[in-house]
Amino acid sequence: MTSPLLPIKTLPSSSLKPCSPQKKTNGNRPNIFEYFSPACSPISKSRLAAASNSIENIETDQKSSIQMPGDLRPVLMPKHVAVILDGHGRWAKNRGLPIEYGHSAGVENLKQLVSNCRKVGIKVLTVYAFSTENWKRRKGEVDFLMSTYEDFIKSFVKEQIMGQDLRFSVIGDKSRLPQSLQITTSSAEESAKTNRGMHFVMALSYGGRYDIIEASKKIASKVEHGILRAKDINESIFEQQLLTNIIAEFPNPDMLIRTSGELRTSNFLLWQLAYAEFHFPNKLFPDFKEVDLIQALSTFERRQRRYGGRKN
Ligand SMILES: CC(C)=CCC/C(C)=C/CC/C(C)=C/COP(=O)(O)OP(=O)(O)O
């Protein structure tokens, strides 16, 4: 079943708040051509047209029901793939546009990534969509992202939960998310509770250090209350306290992909990535397509995983 698409040429209405033209939108989101940059300078129609075309290409890719050619599908697949969605700012900058356009293109591509991962048989997909450090970004950008994620979960994720048996969870410091996003998130998690398909995990307001500190507090509390003896703490007990404990099978990624050519983890799943295979394609996330995913998965097949042991 193909899911109906969100209107592509629109941006969440929050992006217009600071300097939107006084136009009645009748509750609909404004058209991309009515969007004004955060600095309130109108963007030229040619730049907008170029951006619109780029985003439309994502829509076209998404519409054509992509068949995964059997012979291209790697034999040895990672069960859990983690992806750092990076490069939106550069994607927009290359087109002379505000970063919000990059995020809109990114979220369209994220829909494709979820569908493609499900199609090739990935069991768990965890995406780093907002870090504990990303709160330091400009308020307009943060608000835009929060409202984009809310729409994404309300529409695309909910449809996938209902129609494609998708499991869904958000990990991170949820208390910092806007109330409405918290409600949307819990409702989606609740509806996906009995599903058995691919588990899609969104790391929102997530930090690996935050995760480890919170786990340590829970362990310390158990020791304090005499539920656990300090000498009995081991990797397995510690791991059970991490936020990824909501992933029933394969809580630790086998593979990490970070788009845009940056070679760092930026505080993502610090404990869980201990034995992940890393792949750093140069593609910016909005340009990271099905073929790039297949290529990434193919590199996994060639890796020799030893976990510190020796292959005799
Ligand atoms: C699909 C979509 C709309 C994605 C939103 C874009 C977004 C905010 C992505 C952040 C992903 C992330 C936490 C990257 C880590 O790098 P960093 O830039 O936080 O840290 P660094 O400074 O170490 O590179």
# chains A, B, ... in the order shown; residues from 1 in each chain; ligands from 1
$ residues_near_ligand --ligand "ligand 1" --cutoff "10 Å" --atoms "only C-alpha atoms and all ligand atoms" --output "PDB file with C-alpha atoms, in the first residue's frame"
ATOM      1  CA  VAL A  83      21.975   6.808  10.775  1.00  0.00           C
ATOM      2  CA  ILE A  84      23.168  10.314  11.640  1.00  0.00           C
ATOM      3  CA  LEU A  85      21.067  12.529   9.400  1.00  0.00           C
ATOM      4  CA  ASP A  86      23.639  15.166   8.538  1.00  0.00           C
ATOM      5  CA  GLY A  87      24.103  17.760   5.812  1.00  0.00           C
ATOM      6  CA  HIS A  88      20.827  19.695   5.714  1.00  0.00           C
ATOM      7  CA  GLY A  89      22.470  23.061   6.289  1.00  0.00           C
ATOM      8  CA  ILE A  99      18.398  25.823   6.473  1.00  0.00           C
ATOM      9  CA  GLU A 100      14.668  25.090   6.890  1.00  0.00           C
ATOM     10  CA  TYR A 101      14.548  24.073   3.222  1.00  0.00           C
ATOM     11  CA  GLY A 102      17.270  21.527   3.898  1.00  0.00           C
ATOM     12  CA  HIS A 103      15.271  20.128   6.813  1.00  0.00           C
ATOM     13  CA  SER A 104      12.129  19.873   4.670  1.00  0.00           C
ATOM     14  CA  ALA A 105      14.091  17.999   1.999  1.00  0.00           C
ATOM     15  CA  GLY A 106      15.644  15.837   4.720  1.00  0.00           C
ATOM     16  CA  VAL A 107      12.361  14.811   6.221  1.00  0.00           C
ATOM     17  CA  GLU A 108      11.033  13.826   2.786  1.00  0.00           C
ATOM     18  CA  ASN A 109      14.116  11.700   2.296  1.00  0.00           C
ATOM     19  CA  LEU A 110      13.710  10.204   5.753  1.00  0.00           C
ATOM     20  CA  LYS A 111      10.362   8.766   4.623  1.00  0.00           C
ATOM     21  CA  VAL A 127      18.041   7.834  13.306  1.00  0.00           C
ATOM     22  CA  TYR A 128      19.761  10.711  15.079  1.00  0.00           C
ATOM     23  CA  ALA A 129      17.367  13.538  14.376  1.00  0.00           C
ATOM     24  CA  PHE A 130      18.044  15.966  17.229  1.00  0.00           C
ATOM     25  CA  SER A 131      20.759  15.881  19.855  1.00  0.00           C
ATOM     26  CA  THR A 132      20.914  17.217  23.409  1.00  0.00           C
ATOM     27  CA  GLU A 133      23.344  19.776  21.983  1.00  0.00           C
ATOM     28  CA  ASN A 134      21.033  20.823  19.132  1.00  0.00           C
ATOM     29  CA  TRP A 135      18.929  22.820  21.640  1.00  0.00           C
ATOM     30  CA  LYS A 136      21.694  25.423  21.368  1.00  0.00           C
ATOM     31  CA  ARG A 137      20.622  26.208  17.794  1.00  0.00           C
ATOM     32  CA  GLU A 141      15.304  26.477  13.530  1.00  0.00           C
ATOM     33  CA  VAL A 142      14.535  24.440  16.659  1.00  0.00           C
ATOM     34  CA  PHE A 144      10.768  24.493  12.818  1.00  0.00           C
ATOM     35  CA  LEU A 145      12.313  21.075  13.467  1.00  0.00           C
ATOM     36  CA  MET A 146       9.959  20.282  16.347  1.00  0.00           C
ATOM     37  CA  THR A 148       8.323  19.193  11.275  1.00  0.00           C
ATOM     38  CA  TYR A 149       8.857  16.107  13.429  1.00  0.00           C
ATOM     39  CA  PHE A 152       6.131  13.615  10.251  1.00  0.00           C
ATOM     40  CA  ALA A 203      16.596   9.789  18.712  1.00  0.00           C
ATOM     41  CA  LEU A 204      15.168  13.184  19.664  1.00  0.00           C
ATOM     42  CA  SER A 205      16.819  15.350  22.288  1.00  0.00           C
ATOM     43  CA  TYR A 206      19.164  12.385  22.589  1.00  0.00           C
ATOM     44  CA  GLY A 207      22.762  12.330  23.761  1.00  0.00           C
ATOM     45  CA  ARG A 258      26.756   9.296   8.909  1.00  0.00           C
ATOM     46  CA  THR A 259      26.005  11.262   5.773  1.00  0.00           C
ATOM     47  CA  SER A 260      27.807  14.418   4.594  1.00  0.00           C
ATOM     48  CA  GLU A 262      31.801  14.178   8.701  1.00  0.00           C
ATOM     49  CA  LEU A 263      33.882  11.599  10.554  1.00  0.00           C
ATOM     50  CA  ARG A 264      32.545  11.709  14.101  1.00  0.00           C
ATOM     51  CA  THR A 265      29.745  10.296  16.223  1.00  0.00           C
ATOM     52  CA  SER A 266      28.688  13.626  17.829  1.00  0.00           C
ATOM     53  CA  ASN A 267      27.474  12.009  21.046  1.00  0.00           C
ATOM     54  CA  PHE A 268      25.264   9.374  19.372  1.00  0.00           C
ATOM     55  CA  PHE A 285      21.327  13.443   3.768  1.00  0.00           C
ATOM     56  CA  PRO A 286      18.649  14.859   1.413  1.00  0.00           C
TER      57      PRO A 286
END
$ residues_around --residues "segment 251-253 of chain A" --least-positions-apart "2" --cutoff "7 Å" --atoms "only C-alpha atoms" --output "number ranges by chain"
A: 80-82, 244-245, 247-249, 255-256, 272-273, 276
$ write_last_selection --atoms "N, CA and C atoms" --output "mmCIF file, in the first residue's frame"
data_model
loop_
_atom_site.group_PDB
_atom_site.id
_atom_site.type_symbol
_atom_site.label_atom_id
_atom_site.label_comp_id
_atom_site.auth_asym_id
_atom_site.auth_seq_id
_atom_site.Cartn_x
_atom_site.Cartn_y
_atom_site.Cartn_z
ATOM 1 N N HIS A 80 20.617 -4.077 12.723
ATOM 2 C CA HIS A 80 20.289 -2.751 13.261
ATOM 3 C C HIS A 80 21.207 -1.714 12.586
ATOM 4 N N VAL A 81 20.582 -0.767 11.905
ATOM 5 C CA VAL A 81 21.349 0.305 11.248
ATOM 6 C C VAL A 81 21.033 1.618 11.949
ATOM 7 N N ALA A 82 22.083 2.352 12.307
ATOM 8 C CA ALA A 82 21.904 3.678 12.909
ATOM 9 C C ALA A 82 22.361 4.714 11.889
ATOM 10 N N THR A 244 18.011 2.409 24.892
ATOM 11 C CA THR A 244 17.793 1.446 23.813
ATOM 12 C C THR A 244 17.210 0.122 24.338
ATOM 13 N N ASN A 245 16.949 0.059 25.643
ATOM 14 C CA ASN A 245 16.358 -1.182 26.184
ATOM 15 C C ASN A 245 14.934 -1.394 25.662
ATOM 16 N N ILE A 247 14.326 -1.605 22.632
ATOM 17 C CA ILE A 247 14.480 -2.405 21.409
ATOM 18 C C ILE A 247 14.613 -3.867 21.835
ATOM 19 N N ALA A 248 13.578 -4.631 21.506
ATOM 20 C CA ALA A 248 13.518 -5.993 22.034
ATOM 21 C C ALA A 248 14.696 -6.843 21.566
ATOM 22 N N GLU A 249 14.978 -6.756 20.269
ATOM 23 C CA GLU A 249 16.071 -7.557 19.705
ATOM 24 C C GLU A 249 17.075 -6.595 19.093
ATOM 25 N N MET A 255 25.701 -1.336 12.291
ATOM 26 C CA MET A 255 26.297 -0.410 11.324
ATOM 27 C C MET A 255 25.863 1.014 11.624
ATOM 28 N N LEU A 256 26.822 1.943 11.532
ATOM 29 C CA LEU A 256 26.513 3.370 11.663
ATOM 30 C C LEU A 256 26.809 4.057 10.335
ATOM 31 N N GLN A 272 26.366 1.981 22.726
ATOM 32 C CA GLN A 272 25.784 0.983 21.815
ATOM 33 C C GLN A 272 26.592 0.785 20.531
ATOM 34 N N LEU A 273 27.409 1.774 20.164
ATOM 35 C CA LEU A 273 28.146 1.678 18.892
ATOM 36 C C LEU A 273 29.500 0.983 19.040
ATOM 37 N N ALA A 276 30.012 -1.350 16.237
ATOM 38 C CA ALA A 276 29.346 -1.075 14.956
ATOM 39 C C ALA A 276 30.391 -0.850 13.867
#
$ select_by_dssp --residues "segment 247-293 of chain A" --states "alpha helix (DSSP H)" --output "list in words"
Glu290, Val291, Asp292 and Leu293 of chain A
$ residues_around --residues "Gln164 of chain A" --least-positions-apart "5" --cutoff "12 Å" --atoms "only C-alpha atoms" --output "list in words"
Met1, Thr2, Ser3, Val114, Ser115, Arg118, Lys119, Phe156, Val157, Lys158, Glu159, Ala192, Asn195, Arg196, Gly197, Met198, His199 and Phe200 of chain A
$ closest_residue --among "A:Tyr307, A:Phe300, A:Asn282, A:Glu290" --to "Lys79 of chain A" --atoms "only C-alpha atoms"
A:Phe300
$ atom_distance --atom1 "atom CA of Ser169 of chain A" --atom2 "atom CA of Thr299 of chain A"
27.6 Å
$ closest_residue --among "A:Lys289, A:Arg306, A:Lys123, A:Lys154" --to "Leu166 of chain A" --atoms "only C-alpha atoms"
A:Lys123
$ closest_residue --among "A:Lys217, A:Val124, A:Ile246, A:Ser147" --to "Val170 of chain A" --atoms "only C-alpha atoms"
A:Ile246
